[in-house]
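Trainee: My structure is stored as start-v2.txt, with compact mmCIF, C-alpha atoms.
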# COMPACT_ATOMS: atom_id res chain seq x y z
CA MET A 1 15.31 -27.13 -18.59
CA LEU A 2 18.12 -25.89 -16.39
CA ILE A 3 18.64 -22.19 -15.70
CA ARG A 4 22.18 -21.04 -15.01
CA PHE A 5 22.81 -17.49 -13.87
CA TRP A 6 26.15 -16.13 -15.13
CA GLY A 7 25.53 -12.46 -14.39
CA THR A 8 22.87 -11.01 -12.08
CA ARG A 9 23.97 -7.46 -11.30
CA GLY A 10 22.21 -4.39 -12.66
CA SER A 11 23.63 -1.41 -14.55
CA LEU A 12 27.34 -2.28 -14.31
CA PRO A 13 29.61 -4.97 -12.88
CA ALA A 14 30.22 -4.71 -9.16
CA PRO A 15 33.23 -6.77 -8.04
CA LEU A 16 34.04 -7.35 -4.37
CA ASN A 17 36.92 -5.32 -3.00
CA TYR A 18 39.51 -6.11 -0.34
CA ARG A 19 37.43 -4.75 2.52
CA ALA A 20 34.37 -6.80 1.59
CA VAL A 21 36.37 -10.03 1.46
CA ARG A 22 38.09 -9.28 4.73
CA ALA A 23 34.75 -8.54 6.41
CA LYS A 24 33.45 -11.95 5.29
CA ILE A 25 36.56 -13.74 6.63
CA ARG A 26 36.28 -11.88 9.90
CA ALA A 27 32.57 -12.67 10.31
CA ALA A 28 33.22 -16.35 9.53
CA LEU A 29 36.08 -16.61 12.02
CA ILE A 30 34.08 -14.93 14.75
CA ALA A 31 31.18 -17.33 14.12
CA ALA A 32 33.65 -20.24 14.22
CA LEU A 33 34.78 -19.41 17.75
CA GLU A 34 31.76 -21.23 19.15
CA HIS A 35 32.34 -24.39 17.10
CA ARG A 36 34.79 -27.28 17.24
CA LEU A 37 36.25 -27.55 13.76
CA ASP A 38 38.58 -30.53 14.11
CA ASP A 39 38.65 -31.75 10.52
CA PRO A 40 37.88 -30.52 6.96
CA GLU A 41 34.43 -32.15 7.00
CA ALA A 42 33.50 -30.21 10.12
CA VAL A 43 34.69 -27.04 8.42
CA ASP A 44 32.49 -27.78 5.40
CA ARG A 45 29.48 -28.50 7.62
CA PHE A 46 30.08 -25.24 9.47
CA ILE A 47 30.38 -23.19 6.27
CA ASP A 48 27.33 -24.70 4.60
CA GLY A 49 25.14 -25.05 7.68
CA GLU A 50 26.00 -22.18 9.97
CA LEU A 51 27.10 -19.22 7.89
CA PRO A 52 24.61 -17.01 6.06
CA PHE A 53 25.00 -16.89 2.29
CA SER A 54 26.24 -13.31 2.44
CA VAL A 55 29.21 -14.48 4.55
CA ARG A 56 30.01 -17.85 2.98
CA GLY A 57 29.48 -16.62 -0.60
CA THR A 58 28.50 -13.67 -2.72
CA PHE A 59 25.68 -12.74 -5.05
CA GLY A 60 28.40 -11.84 -7.54
CA GLY A 61 29.13 -8.81 -9.61
CA ASN A 62 28.71 -9.67 -13.30
CA SER A 63 26.04 -7.91 -15.31
CA SER A 64 23.10 -9.71 -16.93
CA CYS A 65 23.58 -13.08 -18.59
CA VAL A 66 21.31 -16.08 -18.04
CA GLU A 67 21.57 -19.48 -19.71
CA LEU A 68 18.63 -21.77 -20.39
CA ALA A 69 20.09 -25.21 -20.96
CA CYS A 70 17.58 -26.99 -23.19
CA GLY A 71 18.95 -30.28 -24.44
CA ASP A 72 22.07 -29.84 -26.55
CA GLN A 73 21.45 -26.25 -27.64
CA PHE A 74 22.63 -23.12 -25.92
CA VAL A 75 20.14 -20.37 -25.14
CA LEU A 76 21.30 -17.16 -23.50
CA CYS A 77 19.45 -14.09 -22.31
CA ASP A 78 21.56 -10.94 -22.64
CA MET A 79 25.28 -10.50 -23.14
CA GLY A 80 26.35 -8.71 -19.96
CA SER A 81 29.76 -9.35 -18.43
CA GLY A 82 28.52 -12.76 -17.21
CA ALA A 83 28.72 -13.93 -20.85
CA ARG A 84 32.52 -14.03 -20.51
CA GLU A 85 32.20 -16.57 -17.67
CA PHE A 86 29.79 -18.65 -19.73
CA GLY A 87 32.09 -18.68 -22.77
CA ASN A 88 35.12 -19.66 -20.74
CA ALA A 89 33.24 -22.46 -18.95
CA LEU A 90 32.03 -23.78 -22.30
CA LEU A 91 35.53 -23.78 -23.71
CA ALA A 92 36.91 -25.53 -20.63
CA ARG A 93 34.22 -28.22 -20.90
CA TYR A 94 34.21 -28.93 -24.64
CA GLY A 95 37.50 -27.50 -25.95
CA PRO A 96 37.81 -25.28 -29.05
CA ALA A 97 37.33 -28.04 -31.65
CA ARG A 98 33.67 -28.74 -30.97
CA LYS A 99 31.33 -26.33 -32.76
CA HIS A 100 28.17 -24.96 -31.19
CA ARG A 101 25.01 -23.10 -32.08
CA PHE A 102 23.81 -20.32 -29.80
CA ASN A 103 20.45 -18.58 -29.64
CA ILE A 104 20.80 -15.31 -27.76
CA PHE A 105 17.83 -13.14 -26.75
CA MET A 106 18.46 -9.48 -26.03
CA SER A 107 16.27 -7.58 -23.57
CA HIS A 108 17.74 -4.34 -24.92
CA LEU A 109 21.01 -2.76 -25.98
CA HIS A 110 22.12 -0.75 -22.97
CA TRP A 111 25.80 -1.20 -22.28
CA ASP A 112 25.49 -3.50 -19.26
CA HIS A 113 23.56 -5.97 -21.44
CA ILE A 114 26.01 -6.13 -24.35
CA MET A 115 29.41 -5.51 -22.71
CA GLY A 116 30.25 -9.21 -22.38
CA PHE A 117 30.12 -9.92 -26.09
CA PRO A 118 33.63 -8.64 -26.98
CA PHE A 119 34.93 -11.17 -24.42
CA PHE A 120 32.61 -14.00 -25.49
CA THR A 121 35.16 -16.62 -26.58
CA PRO A 122 32.80 -18.61 -28.86
CA ALA A 123 32.56 -15.55 -31.13
CA PHE A 124 36.26 -15.91 -31.95
CA ILE A 125 36.01 -19.57 -33.05
CA PRO A 126 35.23 -20.37 -36.71
CA GLY A 127 32.38 -22.80 -37.19
CA ASN A 128 30.31 -21.57 -34.26
CA VAL A 129 26.92 -20.10 -35.18
CA ILE A 130 25.60 -17.26 -33.02
CA ARG A 131 22.07 -16.03 -33.66
CA ILE A 132 21.25 -12.85 -31.76
CA HIS A 133 17.50 -12.32 -31.41
CA GLY A 134 15.76 -9.16 -30.28
CA CYS A 135 13.10 -6.60 -31.08
CA HIS A 136 15.39 -3.59 -31.58
CA ASP A 137 16.20 -2.85 -35.21
CA SER A 138 19.54 -1.34 -34.10
CA MET A 139 21.03 -4.57 -32.67
CA ARG A 140 23.73 -4.96 -35.29
CA GLU A 141 24.72 -1.31 -35.02
CA ALA A 142 25.04 -1.52 -31.22
CA PHE A 143 27.22 -4.63 -31.32
CA ILE A 144 29.44 -3.22 -34.07
CA ARG A 145 29.78 0.14 -32.38
CA GLN A 146 31.03 -1.21 -29.05
CA GLN A 147 33.80 -3.09 -30.89
CA SER A 148 34.86 -0.17 -33.06
CA ASP A 149 38.09 1.75 -32.68
CA PRO A 150 39.02 3.21 -30.22
CA CYS A 151 36.72 1.31 -27.84
CA PHE A 152 38.01 -2.22 -28.50
CA PRO A 153 41.00 -3.68 -30.37
CA VAL A 154 39.12 -6.43 -32.26
CA ASP A 155 36.62 -5.15 -34.80
CA PHE A 156 33.24 -6.93 -34.78
CA ARG A 157 33.65 -7.76 -38.49
CA ASN A 158 36.80 -9.73 -37.72
CA LEU A 159 35.09 -12.20 -35.41
CA ALA A 160 35.46 -15.71 -36.79
CA ALA A 161 32.08 -17.20 -35.83
CA THR A 162 29.04 -16.87 -38.05
CA ILE A 163 26.95 -14.16 -36.39
CA GLU A 164 23.38 -13.41 -37.42
CA PHE A 165 20.89 -10.87 -36.12
CA VAL A 166 17.24 -11.92 -36.04
CA GLU A 167 14.63 -9.24 -35.45
CA LEU A 168 11.51 -10.40 -33.59
CA LYS A 169 8.18 -8.66 -33.09
CA PRO A 170 6.58 -8.31 -29.66
CA ASP A 171 3.37 -10.23 -28.90
CA ARG A 172 4.14 -12.87 -31.52
CA SER A 173 5.11 -16.44 -30.75
CA TYR A 174 8.12 -18.03 -32.41
CA ASP A 175 9.43 -21.58 -32.56
CA ILE A 176 13.21 -21.28 -32.39
CA ASP A 177 15.04 -24.61 -32.49
CA GLY A 178 12.21 -26.26 -30.57
CA LEU A 179 11.82 -23.49 -28.01
CA ARG A 180 8.59 -21.50 -27.94
CA VAL A 181 9.39 -17.79 -27.47
CA ARG A 182 7.15 -14.76 -27.07
CA PRO A 183 8.52 -11.22 -26.54
CA ILE A 184 6.69 -8.38 -24.82
CA LEU A 185 7.42 -4.63 -24.91
CA GLN A 186 8.57 -3.25 -21.55
CA ASN A 187 8.76 0.22 -20.06
CA HIS A 188 12.43 1.26 -20.15
CA ALA A 189 14.48 4.01 -21.79
CA SER A 190 14.69 3.18 -25.52
CA ASP A 191 12.40 0.20 -24.79
CA SER A 192 13.25 -3.23 -23.49
CA TYR A 193 11.62 -6.62 -24.10
CA GLY A 194 10.78 -9.53 -21.84
CA TYR A 195 10.68 -13.12 -23.11
CA ARG A 196 8.39 -15.99 -22.24
CA PHE A 197 10.07 -19.33 -23.02
CA GLU A 198 8.11 -22.58 -23.15
CA GLN A 199 9.36 -26.10 -23.74
CA ALA A 200 8.03 -29.55 -22.75
CA GLY A 201 5.31 -28.06 -20.55
CA LYS A 202 7.69 -25.82 -18.62
CA THR A 203 7.71 -22.02 -18.70
CA VAL A 204 10.48 -19.56 -17.84
CA VAL A 205 9.96 -15.81 -18.12
CA TYR A 206 12.91 -13.45 -18.38
CA SER A 207 11.77 -9.91 -17.60
CA THR A 208 14.50 -7.47 -16.70
CA ASP A 209 14.88 -3.73 -17.04
CA CYS A 210 11.19 -3.00 -16.82
CA GLU A 211 9.51 -0.34 -14.73
CA HIS A 212 5.97 -1.31 -13.85
CA LYS A 213 3.92 1.87 -13.58
CA TYR A 214 0.27 1.27 -12.91
CA GLU A 215 -2.60 2.76 -10.97
CA VAL A 216 -4.22 -0.54 -10.10
CA LEU A 217 -2.47 -3.89 -10.32
CA ASP A 218 -5.04 -6.51 -11.27
CA GLN A 219 -5.77 -9.26 -13.78
CA ASN A 220 -6.19 -6.67 -16.54
CA TYR A 221 -2.56 -5.61 -16.32
CA PRO A 222 -0.94 -7.20 -19.43
CA PHE A 223 2.11 -8.55 -17.61
CA VAL A 224 -0.09 -10.72 -15.38
CA ASP A 225 -1.06 -12.75 -18.43
CA PHE A 226 2.51 -12.72 -19.74
CA PHE A 227 3.77 -14.17 -16.44
CA ARG A 228 0.78 -16.54 -16.06
CA ASN A 229 1.66 -19.84 -14.32
CA ALA A 230 5.37 -19.47 -15.06
CA ASP A 231 7.50 -22.10 -13.38
CA VAL A 232 10.22 -19.48 -12.97
CA LEU A 233 9.90 -15.71 -13.29
CA ILE A 234 13.21 -13.81 -13.49
CA PHE A 235 12.26 -10.28 -12.51
CA ASP A 236 13.99 -6.90 -12.28
CA ALA A 237 13.69 -6.05 -8.57
CA MET A 238 16.50 -3.51 -8.49
CA TYR A 239 14.96 -0.89 -6.20
CA SER A 240 12.85 -0.54 -3.10
CA LEU A 241 9.29 0.57 -3.86
CA ALA A 242 10.01 3.99 -2.31
CA ASP A 243 12.99 4.50 -4.63
CA GLN A 244 11.06 3.23 -7.64
CA ILE A 245 8.25 5.73 -7.29
CA SER A 246 10.15 8.72 -5.91
CA VAL A 247 13.79 9.64 -6.65
CA LYS A 248 14.29 6.84 -9.19
CA GLU A 249 10.94 7.12 -10.92
CA ASP A 250 11.34 6.72 -14.71
CA TRP A 251 14.77 5.12 -14.30
CA GLY A 252 13.26 1.97 -15.80
CA HIS A 253 13.36 -0.58 -12.98
CA SER A 254 11.01 -2.21 -10.51
CA SER A 255 10.90 -3.35 -6.91
CA ASN A 256 10.60 -6.46 -4.77
CA MET A 257 7.07 -5.59 -3.62
CA VAL A 258 5.80 -5.21 -7.17
CA ALA A 259 7.54 -8.49 -8.00
CA VAL A 260 5.64 -10.32 -5.25
CA GLU A 261 2.26 -8.82 -6.14
CA LEU A 262 2.62 -9.58 -9.85
CA ALA A 263 3.89 -13.11 -9.16
CA GLN A 264 0.92 -13.79 -6.87
CA LEU A 265 -1.59 -12.44 -9.39
CA ALA A 266 -0.06 -14.52 -12.18
CA GLY A 267 0.22 -17.76 -10.21
CA VAL A 268 3.99 -17.92 -10.63
CA LYS A 269 5.69 -20.83 -8.84
CA HIS A 270 9.20 -19.46 -8.34
CA LEU A 271 10.08 -15.77 -8.32
CA VAL A 272 13.77 -14.98 -8.85
CA MET A 273 14.80 -11.41 -8.10
CA PHE A 274 17.37 -10.18 -10.59
CA HIS A 275 19.37 -7.15 -11.76
CA HIS A 276 20.57 -6.24 -8.28
CA GLU A 277 21.39 -2.64 -7.47
CA PRO A 278 25.21 -2.35 -7.81
CA ILE A 279 25.57 -0.23 -4.67
CA TYR A 280 24.11 -3.05 -2.53
CA ASP A 281 26.53 -5.37 -0.76
CA ASP A 282 25.79 -9.04 -0.15
CA ALA A 283 24.32 -8.40 3.29
CA MET A 284 21.83 -5.91 1.85
CA ILE A 285 20.70 -8.24 -0.94
CA GLU A 286 20.26 -11.01 1.63
CA ARG A 287 18.26 -8.68 3.86
CA ILE A 288 16.02 -7.71 0.93
CA LEU A 289 15.44 -11.38 0.17
CA GLY A 290 14.25 -11.97 3.75
CA GLU A 291 12.02 -8.90 3.64
CA THR A 292 10.54 -9.95 0.30
CA ARG A 293 9.64 -13.39 1.65
CA ARG A 294 8.06 -11.68 4.65
CA TYR A 295 6.04 -9.36 2.39
CA ASN A 296 4.81 -12.42 0.53
CA GLU A 297 3.52 -13.81 3.84
CA ILE A 298 1.96 -10.51 4.91
CA SER A 299 0.21 -10.03 1.59
CA GLY A 300 -1.58 -13.34 1.90
CA ASP A 301 0.20 -15.76 -0.41
CA GLU A 302 -1.79 -18.98 -0.44
CA ARG A 303 0.05 -20.82 -3.22
CA GLY A 304 3.45 -21.18 -1.60
CA LEU A 305 5.35 -18.86 -3.90
CA VAL A 306 9.09 -19.67 -3.75
CA ILE A 307 11.28 -16.56 -3.73
CA SER A 308 15.02 -16.42 -4.45
CA SER A 309 17.61 -13.78 -5.16
CA ALA A 310 19.67 -14.67 -8.21
CA TYR A 311 23.42 -14.94 -7.78
CA ASP A 312 26.24 -15.58 -10.22
CA GLY A 313 26.51 -19.37 -10.30
CA LEU A 314 22.93 -20.15 -9.24
CA GLU A 315 21.37 -23.11 -11.05
CA ILE A 316 17.63 -23.84 -11.02
CA ALA A 317 16.20 -27.04 -12.49
CA VAL A 318 12.78 -26.49 -14.02
CA MET B 1 -13.53 2.08 2.03
CA GLU B 2 -14.53 4.06 5.07
CA ILE B 3 -12.36 7.17 5.45
CA GLY B 4 -13.07 9.44 8.40
CA GLU B 5 -12.18 13.13 8.17
CA GLN B 6 -11.90 15.72 10.87
CA ARG B 7 -9.98 18.91 11.61
CA ASP B 8 -7.58 19.48 14.44
CA GLY B 9 -6.88 23.17 14.24
CA GLU B 10 -5.47 23.77 10.77
CA VAL B 11 -4.63 20.12 10.23
CA VAL B 12 -6.89 17.83 8.20
CA VAL B 13 -6.88 14.35 9.74
CA LEU B 14 -7.90 11.39 7.55
CA THR B 15 -8.60 8.03 9.18
CA PRO B 16 -9.01 5.21 6.64
CA LEU B 17 -10.24 1.87 7.92
CA GLY B 18 -9.45 -1.64 6.65
CA ARG B 19 -7.03 -2.67 3.91
CA LEU B 20 -5.35 -0.25 1.53
CA ASN B 21 -5.05 -2.40 -1.56
CA ASN B 22 -5.95 -2.48 -5.27
CA ASP B 23 -9.66 -2.26 -4.48
CA THR B 24 -9.51 0.64 -2.06
CA SER B 25 -6.50 2.71 -3.12
CA PRO B 26 -8.27 4.66 -5.94
CA GLU B 27 -10.80 6.07 -3.47
CA PHE B 28 -8.08 6.63 -0.88
CA GLN B 29 -5.96 8.51 -3.42
CA SER B 30 -8.89 10.62 -4.53
CA ARG B 31 -9.66 11.67 -0.94
CA LEU B 32 -5.99 12.37 -0.24
CA LEU B 33 -5.53 14.50 -3.34
CA SER B 34 -8.65 16.43 -2.51
CA SER B 35 -7.30 17.14 0.98
CA VAL B 36 -3.78 18.20 -0.06
CA GLY B 37 -5.04 20.21 -3.03
CA SER B 38 -5.27 23.47 -1.14
CA GLY B 39 -1.79 23.21 0.35
CA ALA B 40 -3.16 22.18 3.74
CA ALA B 41 -1.35 20.21 6.42
CA VAL B 42 -2.70 16.65 6.22
CA LEU B 43 -2.26 13.81 8.65
CA VAL B 44 -3.17 10.27 7.63
CA ASP B 45 -3.86 8.26 10.78
CA LEU B 46 -3.30 4.64 9.75
CA SER B 47 -4.15 3.07 13.12
CA GLY B 48 -7.31 1.57 11.59
CA VAL B 49 -5.46 0.09 8.60
CA ASP B 50 -4.16 -3.48 8.84
CA TYR B 51 -2.49 -3.83 5.41
CA VAL B 52 -1.05 -1.54 2.72
CA SER B 53 -0.16 -2.85 -0.74
CA SER B 54 2.06 -1.15 -3.31
CA ALA B 55 -1.07 0.53 -4.71
CA GLY B 56 -1.80 2.10 -1.32
CA LEU B 57 1.78 3.30 -1.00
CA ARG B 58 1.63 4.74 -4.51
CA ALA B 59 -1.45 6.72 -3.49
CA LEU B 60 0.45 8.11 -0.52
CA MET B 61 3.43 9.00 -2.71
CA THR B 62 1.23 10.74 -5.28
CA ALA B 63 -0.39 12.78 -2.53
CA SER B 64 2.98 13.56 -0.96
CA LYS B 65 4.30 14.95 -4.25
CA GLN B 66 1.11 16.96 -4.76
CA SER B 67 1.29 18.30 -1.24
CA LYS B 68 4.88 19.50 -1.71
CA ALA B 69 3.96 21.10 -5.02
CA ASN B 70 1.14 23.00 -3.30
CA GLY B 71 3.29 24.11 -0.40
CA GLY B 72 1.52 21.78 2.03
CA ARG B 73 2.71 19.09 4.39
CA LEU B 74 1.75 15.44 4.71
CA ALA B 75 2.47 12.99 7.49
CA VAL B 76 1.33 9.52 8.53
CA ALA B 77 1.01 8.12 12.02
CA GLY B 78 -0.30 5.21 14.05
CA LEU B 79 1.16 2.34 12.03
CA ASN B 80 0.28 -1.06 13.45
CA PRO B 81 3.14 -3.61 13.58
CA VAL B 82 2.34 -5.18 10.19
CA VAL B 83 1.98 -1.84 8.41
CA LYS B 84 5.19 -0.70 10.09
CA GLU B 85 6.90 -3.77 8.59
CA ILE B 86 5.57 -2.87 5.15
CA PHE B 87 6.93 0.66 5.53
CA THR B 88 10.32 -0.84 6.42
CA ILE B 89 10.26 -3.29 3.50
CA SER B 90 9.25 -0.57 1.03
CA ARG B 91 11.68 1.99 2.61
CA PHE B 92 8.74 4.40 2.69
CA SER B 93 9.88 5.82 5.99
CA TYR B 94 12.66 7.55 4.02
CA VAL B 95 10.32 9.42 1.70
CA VAL B 96 7.23 10.17 3.84
CA ASN B 97 7.11 11.70 7.33
CA VAL B 98 6.14 8.89 9.72
CA PHE B 99 5.25 9.41 13.38
CA GLU B 100 4.54 6.90 16.13
CA SER B 101 1.38 8.64 17.31
CA ARG B 102 -1.22 11.08 16.10
CA ALA B 103 -0.22 13.50 18.86
CA GLN B 104 3.42 13.56 17.73
CA ALA B 105 2.38 14.08 14.12
CA LEU B 106 0.03 16.93 15.02
CA LEU B 107 2.77 18.61 17.00
CA SER B 108 5.00 18.51 13.95
CA LEU B 109 2.33 19.68 11.51
CA ARG B 110 1.05 22.65 13.50
Step by step, read the file and then write its structure as structure tokens.
Mentor:
Amino acid sequence: MLIRFWGTRGSLPAPLNYRAVRAKIRAALIAALEHRLDDPEAVDRFIDGELPFSVRGTFGGNSSCVELACGDQFVLCDMGSGAREFGNALLARYGPARKHRFNIFMSHLHWDHIMGFPFFTPAFIPGNVIRIHGCHDSMREAFIRQQSDPCFPVDFRNLAATIEFVELKPDRSYDIDGLRVRPILQNHASDSYGYRFEQAGKTVVYSTDCEHKYEVLDQNYPFVDFFRNADVLIFDAMYSLADQISVKEDWGHSSNMVAVELAQLAGVKHLVMFHHEPIYDDAMIERILGETRRYNEISGDERGLVISSAYDGLEIAV
Amino acid sequence: MEIGEQRDGEVVVLTPLGRLNNDTSPEFQSRLLSSVGSGAAVLVDLSGVDYVSSAGLRALMTASKQSKANGGRLAVAGLNPVVKEIFTISRFSYVVNVFESRAQALLSLR
């Protein structure tokens, strides 16, 4: 399995502006003053080896969309604005003549998780089959509504692909085109659902837009079992713990510290922080990543938990 | 968990010892809520605490909210370097009054 992150930002897209790009160029040039950069190879070595990720790149600004590449089928989690990037890359790779089948799993129907679908090129191509799975009985209504006049010029009913909605039940396991899938109910406004995917002995858990409210976090907490021994856990770590339990309590999101503690309890191998707060710039997300790794050390990790921050374009082989 | 309690004037001073984690935070929270219940000024001296998990911080936050609701005040002091790091990582210093020393905290609470 290969995980590709097409959109990792929470709540709404957050593109870089002029000032942010200029600040990166300036930081890079200042860092370059101490180096001899005589040829393009030296420049590449400098960029990749000397500059922090927040200077040489960006965590990106598209909202939630994650691809699980499993053989020749396409599996996507959520249809945030990152879905547009996925669709365009697919078209560039295969052209419009080749037909595809997509299995899409929806965490929930808030706007940032469906807004990419009107720009999802495969939906406009006849012969493609798009199966949208989720536990909300209002999926069809939500997708139709966002493409209704006057919000969008192309009505949902005029899309050329075959589009089906498949309602799942939480806490049941499904075999969907050879992929084992189990949803779980999550704490979020109007509910959200996490998904545990298993194939060929590998497990990926997608759990975004979930606020973990607990008195005591131990093995009896249901999500510990849901995350158990996951190879990769994609986790909503949008806020600091202080924000999560004070001013942003009941806003439906979790924190990096809760992510670490749950991942440790569940024996997760690789924790990927996801759904980044849109007001954070790249430097802040990078700082939080460093702090989260440090908290993992402080809190006594003995299993060597790997911790990453998702960015648009990140690929993880499982 | 061992939690010392004494009075310094009108201020109740709690001194937990050890790790504030899943095992110890329920008792810690219970003692805290009991102390802030009357709207008193409460100082939590963390100099004897070498680790605080999210559960321990939640207990502090619950007590802080209760204290405000009762017209009281709550402060923490004496964070060792590791606990100070955890307060930075959690951004707790923005939502709870943190002082370097017990003396500074007492001065503020009196």
Trainee: From the set A:Phe165, A:Phe117, A:Tyr239, A:Tyr94, which residue has the shortest atom-to-atom contact distance to chain B, counting all atoms listed in the file?
Mentor: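 Residue with the minimum atom-to-atom distance to chain B: A:Tyr239.
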Trainee: Chain B residues within 9 Å of chain A, counting all atoms listed in the file: which ones, as a list in words?
Mentor: Asn21, Asn22, Asp23, Ser25, Pro26, Tyr51, Val52, Ser53, Ser54, Ala55, Leu57, Arg58, Ala59, Met61, Thr62, Lys65, Val82, Glu85, Ile86, Thr88, Ile89, Ser90, Arg91, Phe92, Ser93, Tyr94 and Val95 of chain B
Trainee: When you look at segment 177-193 of chain A with a cut-off of 6 Å (counting all atoms listed in the file), what residues show up, excluding the ones that are within fewer than 4 positions of it in the same chain? I need them as a PyMOL selection string.
Mentor: chain A and resi 107-108+170-173+197-199+210-211+252
Trainee: If you count all atoms listed in the file, which residues fall within 10 Å of Ser67 of chain B, apart from same-chain ones fewer than 4 positions away, as a ChimeraX atom specification?
Mentor: /B:32-33,35-42,61-63,71-74
Trainee: Please report the interatomic distance between atom CA of Trp251 of chain A and atom CA of Pro13 of chain A in Å with one decimal.
Mentor: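 Straight-line distance from atom CA of Trp251 of chain A to atom CA of Pro13 of chain A works out to 18.0 Å.
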Trainee: Which residues are near Ala310 of chain A? Cut-off 10 Å, all atoms listed in the file, ignore same chain within fewer than 5 positions. Put them as an mmCIF file with C-alpha atoms, in the coordinates of the input.
Mentor:
data_model
loop_
_atom_site.group_PDB
_atom_site.id
_atom_site.type_symbol
_atom_site.label_atom_id
_atom_site.label_comp_id
_atom_site.auth_asym_id
_atom_site.auth_seq_id
_atom_site.Cartn_x
_atom_site.Cartn_y
_atom_site.Cartn_z
ATOM 1 C CA ARG A 4 22.180 -21.040 -15.010
ATOM 2 C CA PHE A 5 22.810 -17.490 -13.870
ATOM 3 C CA TRP A 6 26.150 -16.130 -15.130
ATOM 4 C CA GLY A 7 25.530 -12.460 -14.390
ATOM 5 C CA THR A 8 22.870 -11.010 -12.080
ATOM 6 C CA ARG A 9 23.970 -7.460 -11.300
ATOM 7 C CA PHE A 59 25.680 -12.740 -5.050
ATOM 8 C CA GLY A 60 28.400 -11.840 -7.540
ATOM 9 C CA ILE A 234 13.210 -13.810 -13.490
ATOM 10 C CA PHE A 235 12.260 -10.280 -12.510
ATOM 11 C CA LEU A 271 10.080 -15.770 -8.320
ATOM 12 C CA VAL A 272 13.770 -14.980 -8.850
ATOM 13 C CA MET A 273 14.800 -11.410 -8.100
ATOM 14 C CA PHE A 274 17.370 -10.180 -10.590
ATOM 15 C CA HIS A 275 19.370 -7.150 -11.760
ATOM 16 C CA HIS A 276 20.570 -6.240 -8.280
ATOM 17 C CA ILE A 285 20.700 -8.240 -0.940
ATOM 18 C CA LEU A 289 15.440 -11.380 0.170
ATOM 19 C CA GLU A 315 21.370 -23.110 -11.050
ATOM 20 C CA ILE A 316 17.630 -23.840 -11.020
#
Trainee: Just the number, please: distance in Å from atom CA of Phe28 of chain B to atom CA of Ala266 of chain A, one decimal.
Mentor: 25.3 Å
Trainee: In the coordinate frame of the file, compute which residues have an atom within 12 Å of (17.1, -10.8, -39.9) when using all atoms listed in the file, and state them as a PyMOL selection string.
Mentor: chain A and resi 131-140+163-169
Trainee: Considering all atoms listed in the file, can you say which of A:Phe102, A:Phe223, A:Phe143, A:Tyr311 comes closest to Met115 of chain A?
Mentor: A:Phe143
Trainee: So that I can check the surroundings of segment 50-56 of chain A, please list as a PyMOL selection string every protein, DNA and RNA residue that reaches within 9 Å of it, counting only C-alpha atoms and ignoring chain neighbours fewer than 2 positions away.
Mentor: chain A and resi 21+23-25+27-28+31-32+45-48+58-59+281-286
Trainee: Using only C-alpha atoms, please write the residues we just selected to a file, as a compact mmCIF listing (two decimals), keeping the file's coordinate frame.
Mentor:
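Generated file (selection-v3.txt):
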# COMPACT_ATOMS: atom_id res chain seq x y z
CA VAL A 21 36.37 -10.03 1.46
CA ALA A 23 34.75 -8.54 6.41
CA LYS A 24 33.45 -11.95 5.29
CA ILE A 25 36.56 -13.74 6.63
CA ALA A 27 32.57 -12.67 10.31
CA ALA A 28 33.22 -16.35 9.53
CA ALA A 31 31.18 -17.33 14.12
CA ALA A 32 33.65 -20.24 14.22
CA ARG A 45 29.48 -28.50 7.62
CA PHE A 46 30.08 -25.24 9.47
CA ILE A 47 30.38 -23.19 6.27
CA ASP A 48 27.33 -24.70 4.60
CA THR A 58 28.50 -13.67 -2.72
CA PHE A 59 25.68 -12.74 -5.05
CA ASP A 281 26.53 -5.37 -0.76
CA ASP A 282 25.79 -9.04 -0.15
CA ALA A 283 24.32 -8.40 3.29
CA MET A 284 21.83 -5.91 1.85
CA ILE A 285 20.70 -8.24 -0.94
CA GLU A 286 20.26 -11.01 1.63
Trainee: Please list, as an NGL selection string, the residues that have an atom at most 7 Å away from (-5.8, 2.6, 10.2) in the coordinates of this file, counting only C-alpha atoms.
Mentor: :B and (15-18 or 45-50)
Trainee: Suppose you want the space between atom CA of Leu60 of chain B and atom CA of Val13 of chain B; what is it in Å?
Mentor: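 According to the coordinates, atom CA of Leu60 of chain B and atom CA of Val13 of chain B are separated by 14.1 Å.
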Trainee: Of the residues A:Leu12, A:Leu159, A:Val204, A:Val43, which is the one nearest to Ile114 of chain A, using all atoms listed in the file?
Mentor: A:Leu12
